[in-house]
Amino acid sequence: MRLSLAALLLLCLVKAFASLPPAKPPITGFRPDLDIYPQNFAITTDSSSRIYLGNGDGVLVYDGEYWELIPTSNGDIVR
């Protein structure tokens with residue numbers, strides 16, 4: 001009885017996954033002839049799970065809800 005239930009469950013799962021549309025990974029590809037330049041040069045986190053991005057305009061801080069830009073006093077890129 002248990003084996004029959006397990007086989008039925010497995011069959012249902014296989015059928016459910018087979019009906020899902022094919023997925024693509026969350027990657028964005030850029031053509032090499034585009035004039036784009038990197039904006040963010042470094043990334044780190046702190047003990048409060050905030051994310052810090054070294055940016056061409058300063059440091060971007062993300063607290064999980066809002067972004068804040070902390071500009072550098074000399075206007076240099078943060079790496």
# chains A, B, ... in the order shown; residues from 1 in each chain; ligands from 1

$ residues_around --residues "range 65-70 of chain A" --least-positions-apart "6" --cutoff "10 Å" --atoms "only C-alpha atoms" --output "list in words"
Arg50, Ile51, Tyr52, Leu53, Gly54, Asn55, Asp57, Gly58 and Val59 of chain A

$ residues_around --residues "Arg79 in chain A" --least-positions-apart "2" --cutoff "7 Å" --atoms "only C-alpha atoms" --output "PyMOL selection string"
chain A and resi 41-42+54+77

$ atom_distance --atom1 "CA of Leu3 in chain A" --atom2 "CA of Lys15 in chain A"
18.2 Å

$ closest_residue --among "A:Ser73, A:Gln39, A:Leu5, A:Asp33" --to "Gly56 in chain A" --atoms "only C-alpha atoms"
A:Gln39

$ atom_distance --atom1 "CA of Asp46 in chain A" --atom2 "CA of Thr72 in chain A"
19.5 Å
